[in-house]
Amino acid sequence: MPASFLRCMLQQELRSPTMQNTPSTEELTEIHRRMILTRRMEEILGQMAKEGRTRGPLHRCDGQEAVGVAACMALGTRDYVCTTHRGHHVYLGKGMDPRRVIAEIMGRETGYCRGRGGHMLLGDAATGMLGGNAIVGAGLPAAAGMALSIQVRGEDRVAMAVFGDGAAQTGIAHEAMNMAGLWKLPVIFLLENNQYGLTVRQDVQSPIEDLFIRAEGYGMPGLKVDGNDPVAVYRAVAEAAARARRGDGPTLIEAKTYRMQGFSTSDMGGYQSEDEIASWRARDPILVSSASLTELIGAKALARIAEEAEAEIQAAFAQALSDPLPVFEFHTPSGAYAEV
């Protein structure tokens, strides 16, 4: 099935409360395509950073693509999502245009925030992507606030906060989940546990291995899923969304995954063992997705998806890098303005 046809189909509302929680073959194919787009975008950005062609550190999400992409695919266009400093998979998962994402990262006028936000602070109201956040843990109260607005307005929407294991240790995370549980807000707390907060392993940050068990203290369901399995992530988020729409309140989902790269492109590394990386690389979410899709659509169709995704991301980079830089205006004391 041509990728263009799939994209046309998936521009419509991706979910409704009456649909089954298991993604269709078409949805699995689109999840796979968006994961490849994300991976290739991260790899190219990483190479550009090494060449000194980017400004400031970039926080890559290689190995975590299934969490952001599959979770967002389980929601509808009108549902709200906010994410972290490591949110490129969430951006593309929510349906944002790779060319405009890259343009924003590279500070171009055609970016989603006209080149002013950079790679951590993208947002697009049209797709329900209400922004990344450079402040650790700040997405949780933001999503709770979005959910309160939905509840007050009586809208058929949900909000989702994607956050990490480091953010799970902050006081603001407790406050947001406590309030959401108390008021039964239609919000999903998606804990993307990539095993490290900065350079510190999760088992040094927390006295418990599984963070989802904290949900009981907030009066909400909690569950753990394989964050490298897009089907498992999709099902969990779809069920949590259906529960929220029914008025049954929030859910905490812990998706266990792994950060294959350093904390940022300025990270010197050395704290992740080769054996640890190899064991997780064998469970790469794109490999997991490829194995299941090969049985459903065949190896040739799968290869075609990868080829088309590569062509799309290369064209996106070429266009974004040729786009104009912003023109900034400022007013002088005399009232005139200048452009720089």
# chains A, B, ... in the order shown; residues from 1 in each chain; ligands from 1
>>> residues_around(residues="Asp226 (chain A)", least_positions_apart="6", cutoff="8 Å", atoms="only C-alpha atoms", output="number ranges by chain")
A: 232-233, 255-257
>>> residues_around(residues="region 136-150 of chain A", least_positions_apart="6", cutoff="9 Å", atoms="only C-alpha atoms", output="ChimeraX atom specification")
/A:80-85,156-164,166-173,175-177,179-180,183,185-189
>>> residues_around(residues="Phe317 (chain A)", least_positions_apart="5", cutoff="8 Å", atoms="only C-alpha atoms", output="ChimeraX atom specification")
/A:99,102-103
>>> select_by_dssp(residues="region 74-228 of chain A", states="helix (DSSP H, G or I)", output="MDAnalysis selection string")
chainID A and resid 88:93 98:105 125:127 139:153 167:169 171:183 202:205 211:218
>>> residues_around(residues="Glu307 (chain A)", least_positions_apart="3", cutoff="12 Å", atoms="only C-alpha atoms", output="list in words")
Ala3, Arg33, Ile36, Leu37, Arg40, Lys300, Ala301, Leu302, Ala303, Arg304, Glu310, Ala311, Glu312, Ile313 and Gln314 of chain A
>>> atom_distance(atom1="CA of Asp210 (chain A)", atom2="CA of Gly249 (chain A)")
21.6 Å
>>> closest_residue(among="A:Pro333, A:Val152, A:Met73, A:Met260", to="Glu274 (chain A)", atoms="only C-alpha atoms")
A:Met260
>>> closest_residue(among="A:Thr265, A:Ser206, A:Thr54, A:Asn194", to="Ile277 (chain A)", atoms="only C-alpha atoms")
A:Asn194
>>> residues_around(residues="Val101 (chain A)", least_positions_apart="5", cutoff="10 Å", atoms="only C-alpha atoms", output="PyMOL selection string")
chain A and resi 41+88+91-92+96+106-108+110-113+115+118-119+122-123+316-317+320
>>> atom_distance(atom1="CA of Asn133 (chain A)", atom2="CA of Leu121 (chain A)")
5.7 Å
>>> closest_residue(among="A:Glu104, A:Glu276, A:Asp165, A:Glu329", to="Asn193 (chain A)", atoms="only C-alpha atoms")
A:Asp165
>>> closest_atom_pairs(of="region 240-320 of chain A", to="region 215-224 of chain A", cutoff="7 Å", atoms="only C-alpha atoms", output="JSON lines")
{"residue": "A:Pro250", "atom": "CA", "partner": "A:Met220", "partner_atom": "CA", "distance": 6.0}
{"residue": "A:Thr251", "atom": "CA", "partner": "A:Pro221", "partner_atom": "CA", "distance": 5.2}
{"residue": "A:Leu252", "atom": "CA", "partner": "A:Gly222", "partner_atom": "CA", "distance": 4.7}
{"residue": "A:Ile253", "atom": "CA", "partner": "A:Leu223", "partner_atom": "CA", "distance": 5.2}
{"residue": "A:Glu254", "atom": "CA", "partner": "A:Lys224", "partner_atom": "CA", "distance": 4.7}
{"residue": "A:Ala255", "atom": "CA", "partner": "A:Lys224", "partner_atom": "CA", "distance": 5.9}
>>> closest_residue(among="A:His174, A:Arg245, A:Arg60, A:Arg78", to="Gly128 (chain A)", atoms="only C-alpha atoms")
A:Arg78
>>> closest_residue(among="A:Ala49, A:Ala318, A:Lys184, A:Ile305", to="Arg243 (chain A)", atoms="only C-alpha atoms")
A:Lys184
>>> select_by_dssp(residues="region 222-316 of chain A", states="strand (DSSP E)", output="list in words")
Gly222, Leu223, Lys224, Val225, Asp226, Thr251, Leu252, Ile253, Glu254, Ala255 and Lys256 of chain A
>>> atom_distance(atom1="CA of Arg86 (chain A)", atom2="CA of His59 (chain A)")
5.2 Å
>>> residues_around(residues="Ala278 (chain A)", least_positions_apart="3", cutoff="12 Å", atoms="only C-alpha atoms", output="ChimeraX atom specification")
/A:63,258-260,272-275,281-284
>>> write_last_selection(atoms="C-alpha atoms", output="tab-separated table (two decimals), in the first residue's frame")
chain	number	residue	atom	x	y	z
A	63	GLY	CA	16.18	3.85	20.81
A	258	TYR	CA	16.77	2.87	26.72
A	259	ARG	CA	18.70	5.93	25.64
A	260	MET	CA	21.17	4.69	23.01
A	272	GLN	CA	27.10	3.14	29.78
A	273	SER	CA	28.75	-0.25	29.42
A	274	GLU	CA	29.15	-1.86	26.00
A	275	ASP	CA	27.30	-4.96	27.19
A	281	ARG	CA	20.41	-2.61	20.76
A	282	ALA	CA	19.23	-6.17	20.15
A	283	ARG	CA	15.75	-4.96	21.16
A	284	ASP	CA	15.82	-1.83	19.03
>>> closest_residue(among="A:Arg114, A:Arg235, A:Ala299, A:Arg201", to="Phe328 (chain A)", atoms="only C-alpha atoms")
A:Arg114
